[in-house]
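Dropping data_18.cif in here (mmCIF, C-alpha atoms):
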```
data_input
#
loop_
_atom_site.group_PDB
_atom_site.id
_atom_site.type_symbol
_atom_site.label_atom_id
_atom_site.label_comp_id
_atom_site.auth_asym_id
_atom_site.auth_seq_id
_atom_site.Cartn_x
_atom_site.Cartn_y
_atom_site.Cartn_z
ATOM 1 C CA MET A 282 9.116 20.793 -20.406
ATOM 2 C CA LYS A 283 5.469 21.416 -21.156
ATOM 3 C CA ASN A 284 3.174 21.738 -18.156
ATOM 4 C CA LEU A 285 1.271 18.430 -17.859
ATOM 5 C CA PHE A 286 -1.415 19.729 -15.507
ATOM 6 C CA HIS A 287 -4.635 21.367 -16.693
ATOM 7 C CA THR A 288 -8.172 21.565 -15.355
ATOM 8 C CA ASN A 289 -9.102 18.564 -17.521
ATOM 9 C CA THR A 290 -5.967 16.483 -16.826
ATOM 10 C CA LYS A 291 -6.954 12.845 -16.264
ATOM 11 C CA ILE A 292 -5.406 11.000 -13.321
ATOM 12 C CA ILE A 293 -4.098 7.416 -13.382
ATOM 13 C CA GLY A 294 -1.767 5.850 -10.853
ATOM 14 C CA LEU A 295 -0.281 3.012 -8.835
ATOM 15 C CA LEU A 296 -1.911 1.598 -5.692
ATOM 16 C CA GLY A 297 0.252 -0.374 -3.279
ATOM 17 C CA HIS A 298 2.509 -0.336 -0.229
ATOM 18 C CA PRO A 299 5.409 0.237 -0.322
ATOM 19 C CA ILE A 300 5.826 1.784 -3.783
ATOM 20 C CA LYS A 301 8.921 3.977 -3.514
ATOM 21 C CA HIS A 302 10.896 1.462 -5.617
ATOM 22 C CA SER A 303 8.452 1.539 -8.548
ATOM 23 C CA PHE A 304 9.370 2.763 -12.037
ATOM 24 C CA SER A 305 5.729 2.782 -13.175
ATOM 25 C CA PRO A 306 5.262 6.554 -12.702
ATOM 26 C CA PHE A 307 8.303 7.190 -14.900
ATOM 27 C CA ILE A 308 7.081 4.767 -17.599
ATOM 28 C CA HIS A 309 3.533 6.093 -17.868
ATOM 29 C CA ASN A 310 4.356 9.772 -17.562
ATOM 30 C CA LEU A 311 7.029 9.382 -20.249
ATOM 31 C CA ALA A 312 4.518 7.647 -22.553
ATOM 32 C CA CYS A 313 1.967 10.429 -21.940
ATOM 33 C CA GLN A 314 4.614 13.052 -22.689
ATOM 34 C CA ILE A 315 5.710 11.341 -25.934
ATOM 35 C CA LEU A 316 2.103 11.016 -27.139
ATOM 36 C CA GLU A 317 1.122 14.454 -25.764
ATOM 37 C CA LEU A 318 -1.772 12.987 -23.781
ATOM 38 C CA ASP A 319 -3.272 15.043 -20.974
ATOM 39 C CA TYR A 320 -2.834 12.384 -18.282
ATOM 40 C CA VAL A 321 -0.690 12.239 -15.151
ATOM 41 C CA TYR A 322 0.317 9.011 -13.370
ATOM 42 C CA LEU A 323 0.629 9.317 -9.584
ATOM 43 C CA PRO A 324 2.030 6.978 -6.902
ATOM 44 C CA LEU A 325 -0.744 6.222 -4.394
ATOM 45 C CA ASP A 326 0.806 4.643 -1.292
ATOM 46 C CA VAL A 327 -2.082 2.857 0.432
ATOM 47 C CA MET A 328 -1.828 0.372 3.303
ATOM 48 C CA SER A 329 -4.129 -2.658 3.452
ATOM 49 C CA SER A 330 -6.180 -1.162 6.280
ATOM 50 C CA SER A 331 -7.025 1.868 4.090
ATOM 51 C CA LEU A 332 -7.743 0.030 0.824
ATOM 52 C CA LYS A 333 -11.542 0.159 0.969
ATOM 53 C CA ASN A 334 -11.584 3.904 1.734
ATOM 54 C CA ALA A 335 -8.956 4.570 -0.948
ATOM 55 C CA LEU A 336 -11.156 2.918 -3.586
ATOM 56 C CA LYS A 337 -14.113 5.073 -2.534
ATOM 57 C CA GLY A 338 -11.873 8.115 -2.951
ATOM 58 C CA ILE A 339 -10.707 6.963 -6.386
ATOM 59 C CA VAL A 340 -14.311 6.680 -7.577
ATOM 60 C CA ALA A 341 -15.260 10.025 -5.981
ATOM 61 C CA LEU A 342 -12.284 11.789 -7.620
ATOM 62 C CA ASN A 343 -13.008 10.112 -10.984
ATOM 63 C CA ILE A 344 -9.479 8.721 -11.250
ATOM 64 C CA LYS A 345 -9.525 6.937 -14.625
ATOM 65 C CA GLY A 346 -7.612 3.859 -13.592
ATOM 66 C CA PHE A 347 -4.702 2.475 -11.645
ATOM 67 C CA ASN A 348 -2.191 -0.321 -11.399
ATOM 68 C CA VAL A 349 -2.229 -2.552 -8.336
ATOM 69 C CA THR A 350 0.875 -3.945 -6.665
ATOM 70 C CA ILE A 351 1.914 -5.636 -3.409
ATOM 71 C CA PRO A 352 -0.004 -6.275 -1.153
ATOM 72 C CA HIS A 353 -3.365 -5.598 -2.888
ATOM 73 C CA LYS A 354 -3.367 -7.747 -6.063
ATOM 74 C CA GLU A 355 -5.332 -10.668 -4.648
ATOM 75 C CA LYS A 356 -7.643 -8.575 -2.448
ATOM 76 C CA MET A 357 -8.575 -6.314 -5.367
ATOM 77 C CA LEU A 358 -10.541 -9.118 -7.033
ATOM 78 C CA SER A 359 -13.277 -8.782 -4.410
ATOM 79 C CA TYR A 360 -13.581 -5.005 -4.970
ATOM 80 C CA VAL A 361 -14.009 -4.868 -8.756
ATOM 81 C CA HIS A 362 -17.421 -5.114 -10.426
ATOM 82 C CA GLN A 363 -16.123 -7.371 -13.197
ATOM 83 C CA SER A 364 -12.815 -9.054 -13.995
ATOM 84 C CA SER A 365 -11.125 -10.455 -17.097
ATOM 85 C CA GLU A 366 -10.508 -14.180 -17.583
ATOM 86 C CA GLU A 367 -6.825 -13.804 -16.680
ATOM 87 C CA ALA A 368 -7.586 -11.867 -13.491
ATOM 88 C CA THR A 369 -10.368 -14.267 -12.484
ATOM 89 C CA ILE A 370 -8.327 -17.435 -12.992
ATOM 90 C CA CYS A 371 -5.122 -15.946 -11.551
ATOM 91 C CA GLY A 372 -7.065 -14.637 -8.583
ATOM 92 C CA ALA A 373 -5.080 -11.409 -8.869
ATOM 93 C CA VAL A 374 -5.757 -7.971 -10.363
ATOM 94 C CA ASN A 375 -2.937 -5.611 -11.351
ATOM 95 C CA THR A 376 -4.899 -3.108 -13.477
ATOM 96 C CA VAL A 377 -8.225 -1.417 -12.767
ATOM 97 C CA VAL A 378 -10.277 0.762 -15.112
ATOM 98 C CA ASN A 379 -12.798 3.141 -13.528
ATOM 99 C CA ASP A 380 -15.727 3.521 -15.924
ATOM 100 C CA MET A 381 -18.318 5.918 -14.473
ATOM 101 C CA GLY A 382 -17.834 4.533 -10.960
ATOM 102 C CA LYS A 383 -17.714 0.874 -12.024
ATOM 103 C CA LEU A 384 -14.327 -0.789 -11.463
ATOM 104 C CA TYR A 385 -13.131 -3.362 -14.000
ATOM 105 C CA GLY A 386 -10.165 -5.595 -13.113
ATOM 106 C CA TYR A 387 -7.510 -7.009 -15.442
ATOM 107 C CA ASN A 388 -4.260 -8.910 -15.111
ATOM 108 C CA THR A 389 -1.798 -7.418 -17.586
ATOM 109 C CA ASP A 390 1.113 -9.147 -15.814
ATOM 110 C CA VAL A 391 0.184 -12.143 -17.966
ATOM 111 C CA TYR A 392 0.855 -10.123 -21.118
ATOM 112 C CA GLY A 393 4.162 -8.848 -19.723
ATOM 113 C CA ILE A 394 5.332 -12.354 -18.811
ATOM 114 C CA LEU A 395 4.226 -13.699 -22.194
ATOM 115 C CA GLU A 396 6.117 -11.026 -24.143
ATOM 116 C CA THR A 397 9.261 -11.632 -22.071
ATOM 117 C CA LEU A 398 9.272 -15.414 -22.541
ATOM 118 C CA LEU A 399 7.976 -15.687 -26.136
ATOM 119 C CA PRO A 400 11.496 -15.658 -27.696
ATOM 120 C CA TYR A 401 12.227 -18.827 -25.683
ATOM 121 C CA LYS A 402 8.932 -20.626 -26.324
ATOM 122 C CA ASP A 403 10.451 -23.577 -28.212
ATOM 123 C CA GLU A 404 12.915 -24.157 -25.384
ATOM 124 C CA ILE A 405 10.245 -24.035 -22.653
ATOM 125 C CA ILE A 406 7.591 -26.257 -24.273
ATOM 126 C CA ASN A 407 7.756 -29.821 -22.888
ATOM 127 C CA ASN A 408 10.579 -28.949 -20.485
ATOM 128 C CA GLU A 409 10.561 -28.474 -16.716
ATOM 129 C CA VAL A 410 10.131 -25.072 -15.103
ATOM 130 C CA THR A 411 10.845 -24.183 -11.471
ATOM 131 C CA LEU A 412 8.978 -21.255 -9.958
ATOM 132 C CA PHE A 413 9.773 -19.562 -6.630
ATOM 133 C CA GLY A 414 6.791 -17.958 -4.916
ATOM 134 C CA ALA A 415 3.086 -18.588 -4.430
ATOM 135 C CA GLY A 416 1.603 -15.075 -4.358
ATOM 136 C CA GLY A 417 -0.153 -12.935 -6.947
ATOM 137 C CA ALA A 418 2.838 -12.720 -9.291
ATOM 138 C CA ALA A 419 3.349 -16.493 -9.145
ATOM 139 C CA ARG A 420 -0.299 -17.017 -10.113
ATOM 140 C CA SER A 421 0.213 -14.863 -13.218
ATOM 141 C CA VAL A 422 3.326 -16.869 -14.125
ATOM 142 C CA ILE A 423 1.541 -20.207 -13.746
ATOM 143 C CA TYR A 424 -1.433 -19.048 -15.820
ATOM 144 C CA THR A 425 0.878 -17.818 -18.603
ATOM 145 C CA LEU A 426 2.976 -20.986 -18.621
ATOM 146 C CA ALA A 427 -0.011 -23.349 -18.570
ATOM 147 C CA ARG A 428 -1.970 -21.391 -21.203
ATOM 148 C CA HIS A 429 0.823 -20.553 -23.661
ATOM 149 C CA PHE A 430 3.876 -22.769 -23.058
ATOM 150 C CA ARG A 431 2.693 -26.142 -21.668
ATOM 151 C CA PRO A 432 5.915 -27.158 -19.880
ATOM 152 C CA SER A 433 6.296 -30.824 -18.959
ATOM 153 C CA ARG A 434 6.133 -29.849 -15.296
ATOM 154 C CA ILE A 435 6.001 -26.745 -13.097
ATOM 155 C CA ASN A 436 7.818 -27.082 -9.782
ATOM 156 C CA ILE A 437 6.422 -24.588 -7.260
ATOM 157 C CA VAL A 438 8.877 -23.753 -4.482
ATOM 158 C CA ASN A 439 7.684 -21.702 -1.525
ATOM 159 C CA ARG A 440 8.696 -20.962 2.047
ATOM 160 C CA THR A 441 5.405 -22.576 3.107
ATOM 161 C CA GLU A 442 4.968 -25.831 1.203
ATOM 162 C CA GLN A 443 1.228 -25.936 1.979
ATOM 163 C CA ARG A 444 0.716 -22.670 0.091
ATOM 164 C CA ALA A 445 2.490 -24.178 -2.920
ATOM 165 C CA GLU A 446 0.255 -27.262 -2.628
ATOM 166 C CA THR A 447 -2.853 -25.041 -2.517
ATOM 167 C CA LEU A 448 -1.725 -23.250 -5.676
ATOM 168 C CA LYS A 449 -1.079 -26.557 -7.413
ATOM 169 C CA GLU A 450 -4.593 -27.819 -6.584
ATOM 170 C CA TYR A 451 -6.169 -24.488 -7.563
ATOM 171 C CA PHE A 452 -4.705 -24.455 -11.094
ATOM 172 C CA ASN A 453 -5.343 -28.155 -11.544
ATOM 173 C CA GLU A 454 -9.039 -27.406 -11.004
ATOM 174 C CA LYS A 455 -9.220 -24.083 -12.878
ATOM 175 C CA MET A 456 -7.129 -24.949 -15.968
ATOM 176 C CA LYS A 457 -7.123 -28.763 -15.994
ATOM 177 C CA TYR A 458 -3.324 -28.618 -15.874
ATOM 178 C CA ASP A 459 -1.920 -31.142 -13.415
ATOM 179 C CA ASN A 460 1.807 -31.307 -14.157
ATOM 180 C CA PHE A 461 2.881 -29.740 -10.853
ATOM 181 C CA MET A 462 5.187 -30.556 -7.968
ATOM 182 C CA ALA A 463 5.261 -28.522 -4.762
ATOM 183 C CA TYR A 464 8.372 -28.045 -2.639
ATOM 184 C CA GLU A 465 9.322 -26.092 0.460
ATOM 185 C CA LEU A 466 12.118 -23.582 0.071
ATOM 186 C CA PHE A 467 14.940 -25.683 1.512
ATOM 187 C CA PRO A 468 14.128 -29.340 0.779
ATOM 188 C CA HIS A 469 16.636 -32.072 0.274
ATOM 189 C CA GLY A 470 17.079 -32.502 -3.470
ATOM 190 C CA LEU A 471 16.242 -28.923 -4.525
ATOM 191 C CA LEU A 472 19.601 -28.656 -6.312
ATOM 192 C CA GLU A 473 18.641 -31.556 -8.604
ATOM 193 C CA VAL A 474 15.264 -29.947 -9.271
ATOM 194 C CA LEU A 475 16.929 -26.665 -10.276
ATOM 195 C CA ARG A 476 19.537 -28.296 -12.489
ATOM 196 C CA GLY A 477 16.820 -30.302 -14.228
ATOM 197 C CA SER A 478 14.805 -27.189 -15.114
ATOM 198 C CA LYS A 479 15.087 -25.365 -18.439
ATOM 199 C CA LEU A 480 13.530 -22.233 -16.953
ATOM 200 C CA ILE A 481 13.819 -20.901 -13.384
ATOM 201 C CA ILE A 482 11.601 -17.993 -12.332
ATOM 202 C CA ASN A 483 11.698 -15.849 -9.208
ATOM 203 C CA ALA A 484 8.191 -14.488 -8.577
ATOM 204 C CA THR A 485 8.987 -13.258 -5.066
ATOM 205 C CA SER A 486 10.219 -9.820 -3.977
ATOM 206 C CA VAL A 487 13.476 -11.272 -2.607
ATOM 207 C CA GLY A 488 16.389 -9.196 -3.905
ATOM 208 C CA MET A 489 14.276 -6.113 -4.627
ATOM 209 C CA TYR A 490 15.548 -2.677 -3.630
ATOM 210 C CA PRO A 491 16.570 -1.884 -0.915
ATOM 211 C CA GLU A 492 17.463 -5.505 0.037
ATOM 212 C CA ILE A 493 19.638 -5.871 -3.047
ATOM 213 C CA ASP A 494 22.087 -8.400 -1.558
ATOM 214 C CA ASP A 495 19.374 -10.981 -0.857
ATOM 215 C CA THR A 496 18.779 -13.926 -3.183
ATOM 216 C CA ILE A 497 16.124 -16.647 -3.256
ATOM 217 C CA ILE A 498 18.720 -19.251 -4.323
ATOM 218 C CA SER A 499 22.021 -19.436 -2.447
ATOM 219 C CA LEU A 500 23.018 -22.963 -3.502
ATOM 220 C CA SER A 501 26.345 -23.379 -5.295
ATOM 221 C CA ASN A 502 26.235 -24.662 -8.893
ATOM 222 C CA ALA A 503 22.445 -24.346 -9.041
ATOM 223 C CA PHE A 504 22.565 -23.027 -12.617
ATOM 224 C CA GLN A 505 24.098 -24.240 -15.844
ATOM 225 C CA LYS A 506 24.784 -23.211 -19.406
ATOM 226 C CA ASP A 507 21.713 -22.699 -21.625
ATOM 227 C CA GLN A 508 19.338 -22.508 -18.681
ATOM 228 C CA ILE A 509 17.001 -19.491 -18.631
ATOM 229 C CA VAL A 510 16.684 -17.597 -15.345
ATOM 230 C CA PHE A 511 13.915 -14.975 -15.175
ATOM 231 C CA ASP A 512 13.716 -12.685 -12.143
ATOM 232 C CA LEU A 513 10.541 -10.587 -11.995
ATOM 233 C CA VAL A 514 12.462 -8.106 -9.827
ATOM 234 C CA TYR A 515 13.302 -5.015 -11.917
ATOM 235 C CA ASN A 516 14.904 -2.763 -9.310
ATOM 236 C CA PRO A 517 17.853 -3.370 -9.369
ATOM 237 C CA PRO A 518 17.975 -4.362 -13.059
ATOM 238 C CA LYS A 519 20.524 -7.089 -12.297
ATOM 239 C CA SER A 520 19.566 -8.772 -9.035
ATOM 240 C CA GLN A 521 21.940 -10.873 -6.977
ATOM 241 C CA LEU A 522 20.126 -13.956 -8.319
ATOM 242 C CA LEU A 523 20.803 -12.926 -11.924
ATOM 243 C CA LYS A 524 24.448 -12.135 -11.165
ATOM 244 C CA ILE A 525 24.981 -15.633 -9.763
ATOM 245 C CA ALA A 526 23.062 -17.294 -12.615
ATOM 246 C CA GLU A 527 25.017 -15.332 -15.228
ATOM 247 C CA SER A 528 28.340 -16.281 -13.624
ATOM 248 C CA GLU A 529 27.353 -19.955 -13.977
ATOM 249 C CA GLY A 530 26.485 -19.636 -17.674
ATOM 250 C CA ALA A 531 22.706 -19.175 -17.633
ATOM 251 C CA VAL A 532 20.741 -16.830 -19.900
ATOM 252 C CA THR A 533 19.245 -14.154 -17.632
ATOM 253 C CA LEU A 534 16.100 -12.029 -17.932
ATOM 254 C CA ASN A 535 15.129 -9.257 -15.537
ATOM 255 C CA GLY A 536 11.681 -7.817 -14.907
ATOM 256 C CA ILE A 537 12.090 -4.636 -16.979
ATOM 257 C CA LYS A 538 10.608 -5.945 -20.238
ATOM 258 C CA MET A 539 7.736 -7.493 -18.308
ATOM 259 C CA LEU A 540 7.188 -4.202 -16.454
ATOM 260 C CA VAL A 541 7.055 -2.147 -19.652
ATOM 261 C CA TYR A 542 4.818 -4.592 -21.557
ATOM 262 C CA GLN A 543 2.340 -5.069 -18.724
ATOM 263 C CA GLY A 544 2.338 -1.277 -18.419
ATOM 264 C CA ALA A 545 1.712 -0.940 -22.155
ATOM 265 C CA LYS A 546 -1.398 -3.112 -21.897
ATOM 266 C CA SER A 547 -2.644 -1.109 -18.882
ATOM 267 C CA PHE A 548 -1.930 2.153 -20.703
ATOM 268 C CA GLU A 549 -4.020 1.016 -23.671
ATOM 269 C CA LEU A 550 -6.931 0.060 -21.396
ATOM 270 C CA TRP A 551 -6.941 3.517 -19.786
ATOM 271 C CA THR A 552 -6.180 5.782 -22.748
ATOM 272 C CA GLY A 553 -7.169 3.808 -25.850
ATOM 273 C CA GLN A 554 -3.672 4.560 -27.207
ATOM 274 C CA GLU A 555 -0.764 2.204 -27.847
ATOM 275 C CA MET A 556 2.240 2.910 -25.666
ATOM 276 C CA PRO A 557 5.423 3.716 -27.678
ATOM 277 C CA VAL A 558 7.141 0.689 -26.125
ATOM 278 C CA ASP A 559 10.566 1.018 -27.767
ATOM 279 C CA LYS A 560 10.948 4.689 -26.795
ATOM 280 C CA VAL A 561 9.731 4.013 -23.261
ATOM 281 C CA MET A 562 12.092 1.016 -22.879
ATOM 282 C CA THR A 563 15.053 3.122 -24.031
ATOM 283 C CA GLY A 564 14.043 5.973 -21.725
ATOM 284 C CA LEU A 565 13.708 3.624 -18.752
ATOM 285 C CA GLU A 566 17.069 1.958 -19.390
ATOM 286 C CA ASN A 567 18.728 5.395 -19.578
ATOM 287 C CA TYR A 568 16.923 6.502 -16.408
ATOM 288 C CA ILE A 569 18.021 3.398 -14.481
ATOM 289 C CA SER A 570 21.644 3.775 -15.592
ATOM 290 C CA ILE A 571 21.909 7.350 -14.274
#
```

Now, as a test, write the supplied structure out as structure tokens.
Amino acid sequence: MKNLFHTNTKIIGLLGHPIKHSFSPFIHNLACQILELDYVYLPLDVMSSSLKNALKGIVALNIKGFNVTIPHKEKMLSYVHQSSEEATICGAVNTVVNDMGKLYGYNTDVYGILETLLPYKDEIINNEVTLFGAGGAARSVIYTLARHFRPSRINIVNRTEQRAETLKEYFNEKMKYDNFMAYELFPHGLLEVLRGSKLIINATSVGMYPEIDDTIISLSNAFQKDQIVFDLVYNPPKSQLLKIAESEGAVTLNGIKMLVYQGAKSFELWTGQEMPVDKVMTGLENYISI
């Protein structure tokens, strides 16, 4: 394998905590290798208490850009000099470009979610969607659904119902979309809500490695044939939630396509090059199956 490191090698990376589960370094370094670009993508494990100092270091070291993951996506908005429409409305940044010390924030999760759900657009339009979670990832999902799919209603289910209510009011104001219902995680009648939804999305980290036996939905017969169940979790590729949904006849989507496509948009922002998505997707699937 050709040595990737030279005196002019450009650094990009992933900022978050914890990040041991992430496949982003594999994706971006593979893309750089395929395109023979002199970049290296590094995992940067940074706790919330060190975020401000880490950003100063990134600017000082002239790191070209970085992805942002849990728990920094929402906080990052206050650290960037300028943010895209998606990042501003979502209130969450997952990609930062460092241009001569100025940090520019983007939300490429929106693009990843859009690319994943586009094949099912006709089925989602004017039908109900149920979303689990009210954090940064959930904000990206809501923005994408409201902007591109216009479901008849989005049910937001969260452990803290007030947080779901806050999200509902926020997007009602920001996007003039008011077809929301907010629920706590274990309300009476949740089973009926799930069975009445064409699309169910998990935008929480429940079921992510290493807690692979956990699931956000443990109700029996919650899913049915022709429903679409999308779990943003990508490690493991088939979460416990997706296993249950598949056994009850639902169409299942994991977070791998979203991960690669959001990464492709980030990659383009940093390098000016299009990521070879098909080759990267194949490489990632082979890597995961090892």

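Considering all atoms listed in the file, the residue among A:Val410, A:Ile497, A:Ile405, A:Val361 positioned nearest to A:Ala463 is A:Val410.
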
Taking all atoms listed in the file into account, produce a table as CSV in which each residue of stretch 332-371 of chain A with an atom at most 12 Å from an atom of stretch 427-450 of chain A appears once, together with its shortest atom pair and the distance in Å to one decimal, ordered by chain and rising number.
```
residue,atom,partner,partner_atom,distance
A:Glu366,CA,A:Arg428,CA,11.7
A:Glu367,CA,A:Arg428,CA,10.1
A:Ile370,CA,A:Arg428,CA,11.1
A:Cys371,CA,A:Leu448,CA,10.0
```

Need the shell around A:Phe504: protein/DNA/RNA residues with any atom at most 8 Å away, counting only C-alpha atoms. Skip same-chain ones fewer than 6 positions apart. Format as number ranges by chain? A: 475-476, 526, 529-531

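With only C-alpha atoms as the atoms that count, the minimum distance from A:Val487 to the choices A:Asp512, A:Glu473, A:Glu454, A:Asp507 is reached by A:Asp512.
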
Could you pull out every residue with an atom within 9 Å of (5.9, -8.0, -9.9), file coordinates, counting only C-alpha atoms, and send them as an MDAnalysis selection string? chainID A and resid 350:351 390 417:419 484:486 513:515 536 539:540

Using all atoms listed in the file, find the one residue out of A:Ser329, A:Asn310, A:Ser547, A:Thr290 that sits nearest to A:Asn375. A:Ser547
